[in-house]
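*Asks:* Before we start, here is the structure in question, set down as structure tokens.
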Amino acid sequence: MMMEEAKRVFVVCSDLMFSGGIRAEGSSQGILLEFIDSEERFQEALDSFRVTLFMSDLHHHKLGGERAGELVKKLKASEKNKDAHTIAWGKHTEPELLKSAMRAGFDKVVPRSLFVKEMPGYIRQAARGIQVSE
């Protein structure tokens, strides 16, 4: 019997408060998170894991803005990861940034305040997806 690929939630986030909250929620749900901080690391993780959820901070110092859009396109082009759910968040004061993330292909784009409220639900949903298939 072939081993199923390890599943992960990918996170692009450099904000310590957000990262801490995401780590705590992932840990409480028993799921493994991959924090991505470079395009090289994203590609390595994409090759190594099956992605159930990709969460991206549009203000990340290296992978925010247009780069976030490039990452989501790369993810959706990957045969094994094209069904991953994708969420991006950014400041509500930058509506053009949020709109460009939607155009790039994110499934959901929300202002930071809404992301903070909804993030535990996103992680729980991902956890259900992981646990169901194991």
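The way I read the labels, and the way they are meant: chains A, B, ... in the order of the structure tokens, residue 1 as the first residue of every chain, and ligand 1 as the first ligand shown, with later ones counted on from there.
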Just want the 7 Å neighbourhood of stretch 51-65 of chain A, counted on only C-alpha atoms, with same-chain residues fewer than 5 positions away dropped. Output as number ranges by chain.
*Replies:* A: 7-14, 38, 81, 84-90, 97, 126
*Asks:* Since we have the selection now, will you write its residues out, keeping N, CA, C and O atoms, as a PDB file, in the first residue's frame?
*Replies:*
ATOM      1  N   LYS A   7      -0.104  15.975   4.534  1.00  0.00           N
ATOM      2  CA  LYS A   7      -0.924  17.144   4.238  1.00  0.00           C
ATOM      3  C   LYS A   7      -0.532  18.280   5.168  1.00  0.00           C
ATOM      4  O   LYS A   7      -0.200  18.050   6.328  1.00  0.00           O
ATOM      5  N   ARG A   8      -0.600  19.486   4.651  1.00  0.00           N
ATOM      6  CA  ARG A   8      -0.195  20.650   5.418  1.00  0.00           C
ATOM      7  C   ARG A   8      -1.087  21.840   5.103  1.00  0.00           C
ATOM      8  O   ARG A   8      -1.702  21.922   4.054  1.00  0.00           O
ATOM      9  N   VAL A   9      -1.068  22.767   6.039  1.00  0.00           N
ATOM     10  CA  VAL A   9      -1.633  24.091   5.816  1.00  0.00           C
ATOM     11  C   VAL A   9      -0.434  25.000   5.589  1.00  0.00           C
ATOM     12  O   VAL A   9       0.485  25.023   6.404  1.00  0.00           O
ATOM     13  N   PHE A  10      -0.403  25.700   4.463  1.00  0.00           N
ATOM     14  CA  PHE A  10       0.678  26.634   4.155  1.00  0.00           C
ATOM     15  C   PHE A  10       0.289  28.009   4.672  1.00  0.00           C
ATOM     16  O   PHE A  10      -0.843  28.452   4.467  1.00  0.00           O
ATOM     17  N   VAL A  11       1.251  28.678   5.301  1.00  0.00           N
ATOM     18  CA  VAL A  11       0.997  29.999   5.857  1.00  0.00           C
ATOM     19  C   VAL A  11       2.119  30.945   5.439  1.00  0.00           C
ATOM     20  O   VAL A  11       3.291  30.657   5.655  1.00  0.00           O
ATOM     21  N   VAL A  12       1.744  32.058   4.837  1.00  0.00           N
ATOM     22  CA  VAL A  12       2.692  33.145   4.561  1.00  0.00           C
ATOM     23  C   VAL A  12       2.269  34.282   5.475  1.00  0.00           C
ATOM     24  O   VAL A  12       1.233  34.911   5.259  1.00  0.00           O
ATOM     25  N   CYS A  13       3.055  34.498   6.535  1.00  0.00           N
ATOM     26  CA  CYS A  13       2.700  35.518   7.517  1.00  0.00           C
ATOM     27  C   CYS A  13       3.937  35.861   8.332  1.00  0.00           C
ATOM     28  O   CYS A  13       4.552  34.975   8.919  1.00  0.00           O
ATOM     29  N   SER A  14       4.282  37.130   8.382  1.00  0.00           N
ATOM     30  CA  SER A  14       5.430  37.544   9.192  1.00  0.00           C
ATOM     31  C   SER A  14       5.010  38.327  10.436  1.00  0.00           C
ATOM     32  O   SER A  14       5.830  38.629  11.280  1.00  0.00           O
ATOM     33  N   SER A  38       9.876  32.240   1.728  1.00  0.00           N
ATOM     34  CA  SER A  38      10.576  32.547   0.475  1.00  0.00           C
ATOM     35  C   SER A  38       9.941  31.756  -0.660  1.00  0.00           C
ATOM     36  O   SER A  38       9.264  30.743  -0.421  1.00  0.00           O
ATOM     37  N   ASN A  81      -2.294  19.878  -5.971  1.00  0.00           N
ATOM     38  CA  ASN A  81      -2.705  20.906  -5.015  1.00  0.00           C
ATOM     39  C   ASN A  81      -3.741  21.882  -5.548  1.00  0.00           C
ATOM     40  O   ASN A  81      -4.091  22.843  -4.879  1.00  0.00           O
ATOM     41  N   ALA A  84      -6.696  22.925  -3.270  1.00  0.00           N
ATOM     42  CA  ALA A  84      -6.457  23.556  -1.967  1.00  0.00           C
ATOM     43  C   ALA A  84      -7.297  24.833  -1.852  1.00  0.00           C
ATOM     44  O   ALA A  84      -7.454  25.563  -2.830  1.00  0.00           O
ATOM     45  N   HIS A  85      -7.821  25.083  -0.675  1.00  0.00           N
ATOM     46  CA  HIS A  85      -8.574  26.315  -0.438  1.00  0.00           C
ATOM     47  C   HIS A  85      -7.559  27.434  -0.167  1.00  0.00           C
ATOM     48  O   HIS A  85      -6.563  27.200   0.524  1.00  0.00           O
ATOM     49  N   THR A  86      -7.779  28.605  -0.711  1.00  0.00           N
ATOM     50  CA  THR A  86      -6.816  29.701  -0.571  1.00  0.00           C
ATOM     51  C   THR A  86      -7.488  30.943  -0.003  1.00  0.00           C
ATOM     52  O   THR A  86      -8.579  31.328  -0.441  1.00  0.00           O
ATOM     53  N   ILE A  87      -6.818  31.542   0.974  1.00  0.00           N
ATOM     54  CA  ILE A  87      -7.337  32.725   1.650  1.00  0.00           C
ATOM     55  C   ILE A  87      -6.216  33.756   1.768  1.00  0.00           C
ATOM     56  O   ILE A  87      -5.101  33.415   2.168  1.00  0.00           O
ATOM     57  N   ALA A  88      -6.521  34.986   1.431  1.00  0.00           N
ATOM     58  CA  ALA A  88      -5.561  36.076   1.615  1.00  0.00           C
ATOM     59  C   ALA A  88      -6.222  37.149   2.463  1.00  0.00           C
ATOM     60  O   ALA A  88      -7.443  37.281   2.480  1.00  0.00           O
ATOM     61  N   TRP A  89      -5.393  37.881   3.189  1.00  0.00           N
ATOM     62  CA  TRP A  89      -5.928  38.987   3.982  1.00  0.00           C
ATOM     63  C   TRP A  89      -5.011  40.190   3.865  1.00  0.00           C
ATOM     64  O   TRP A  89      -3.831  40.064   3.591  1.00  0.00           O
ATOM     65  N   GLY A  90      -5.613  41.365   4.054  1.00  0.00           N
ATOM     66  CA  GLY A  90      -4.857  42.602   3.968  1.00  0.00           C
ATOM     67  C   GLY A  90      -5.618  43.725   4.659  1.00  0.00           C
ATOM     68  O   GLY A  90      -6.723  43.528   5.164  1.00  0.00           O
ATOM     69  N   LEU A  97      -5.470  46.337  -3.348  1.00  0.00           N
ATOM     70  CA  LEU A  97      -4.650  45.167  -3.035  1.00  0.00           C
ATOM     71  C   LEU A  97      -5.547  43.940  -2.848  1.00  0.00           C
ATOM     72  O   LEU A  97      -5.260  42.853  -3.374  1.00  0.00           O
ATOM     73  N   ALA A 126      -9.899  22.974   7.700  1.00  0.00           N
ATOM     74  CA  ALA A 126      -8.753  22.270   7.123  1.00  0.00           C
ATOM     75  C   ALA A 126      -8.481  20.994   7.911  1.00  0.00           C
ATOM     76  O   ALA A 126      -8.170  19.957   7.335  1.00  0.00           O
TER      77      ALA A 126
END
*Asks:* Chain A: which residues are strand (DSSP E or B) by DSSP, as number ranges by chain?
*Replies:* A: 7-12, 33-35, 50-57, 85-90, 108-111
*Asks:* Those same residues - N, CA and C atoms - I'd like them written as a short mmCIF file (atom, residue, chain, number, x, y, z; two decimals), in the first residue's frame.
*Replies:*
data_model
loop_
_atom_site.label_atom_id
_atom_site.label_comp_id
_atom_site.auth_asym_id
_atom_site.auth_seq_id
_atom_site.Cartn_x
_atom_site.Cartn_y
_atom_site.Cartn_z
N LYS A 7 -0.10 15.97 4.53
CA LYS A 7 -0.92 17.14 4.24
C LYS A 7 -0.53 18.28 5.17
N ARG A 8 -0.60 19.49 4.65
CA ARG A 8 -0.19 20.65 5.42
C ARG A 8 -1.09 21.84 5.10
N VAL A 9 -1.07 22.77 6.04
CA VAL A 9 -1.63 24.09 5.82
C VAL A 9 -0.43 25.00 5.59
N PHE A 10 -0.40 25.70 4.46
CA PHE A 10 0.68 26.63 4.15
C PHE A 10 0.29 28.01 4.67
N VAL A 11 1.25 28.68 5.30
CA VAL A 11 1.00 30.00 5.86
C VAL A 11 2.12 30.95 5.44
N VAL A 12 1.74 32.06 4.84
CA VAL A 12 2.69 33.14 4.56
C VAL A 12 2.27 34.28 5.48
N LEU A 33 1.48 22.87 10.24
CA LEU A 33 1.54 24.10 9.47
C LEU A 33 2.92 24.23 8.85
N GLU A 34 2.98 24.74 7.66
CA GLU A 34 4.25 25.07 7.01
C GLU A 34 4.28 26.58 6.86
N PHE A 35 5.15 27.22 7.62
CA PHE A 35 5.31 28.67 7.46
C PHE A 35 6.30 28.90 6.33
N ARG A 50 0.92 17.76 0.29
CA ARG A 50 -0.38 18.06 -0.29
C ARG A 50 -0.96 19.21 0.54
N VAL A 51 -1.32 20.28 -0.12
CA VAL A 51 -1.80 21.48 0.56
C VAL A 51 -3.32 21.41 0.70
N THR A 52 -3.82 21.57 1.93
CA THR A 52 -5.27 21.60 2.12
C THR A 52 -5.77 23.04 2.20
N LEU A 53 -4.91 23.93 2.70
CA LEU A 53 -5.28 25.32 2.88
C LEU A 53 -4.03 26.18 2.73
N PHE A 54 -4.14 27.26 2.00
CA PHE A 54 -3.04 28.23 1.84
C PHE A 54 -3.56 29.57 2.32
N MET A 55 -2.92 30.10 3.36
CA MET A 55 -3.29 31.40 3.92
C MET A 55 -2.14 32.37 3.71
N SER A 56 -2.44 33.54 3.16
CA SER A 56 -1.37 34.47 2.81
C SER A 56 -1.68 35.91 3.24
N ASP A 57 -0.71 36.50 3.93
CA ASP A 57 -0.78 37.90 4.32
C ASP A 57 -0.33 38.74 3.13
N HIS A 85 -7.82 25.08 -0.68
CA HIS A 85 -8.57 26.32 -0.44
C HIS A 85 -7.56 27.43 -0.17
N THR A 86 -7.78 28.61 -0.71
CA THR A 86 -6.82 29.70 -0.57
C THR A 86 -7.49 30.94 0.00
N ILE A 87 -6.82 31.54 0.97
CA ILE A 87 -7.34 32.73 1.65
C ILE A 87 -6.22 33.76 1.77
N ALA A 88 -6.52 34.99 1.43
CA ALA A 88 -5.56 36.08 1.62
C ALA A 88 -6.22 37.15 2.46
N TRP A 89 -5.39 37.88 3.19
CA TRP A 89 -5.93 38.99 3.98
C TRP A 89 -5.01 40.19 3.86
N GLY A 90 -5.61 41.36 4.05
CA GLY A 90 -4.86 42.60 3.97
C GLY A 90 -5.62 43.72 4.66
N LYS A 108 -10.80 33.29 -1.33
CA LYS A 108 -11.40 34.25 -0.41
C LYS A 108 -10.35 35.30 -0.06
N VAL A 109 -10.76 36.56 -0.06
CA VAL A 109 -9.89 37.66 0.34
C VAL A 109 -10.66 38.49 1.34
N VAL A 110 -10.06 38.70 2.51
CA VAL A 110 -10.77 39.39 3.58
C VAL A 110 -9.88 40.46 4.22
N PRO A 111 -10.50 41.47 4.83
CA PRO A 111 -9.71 42.44 5.60
C PRO A 111 -9.14 41.76 6.84
#
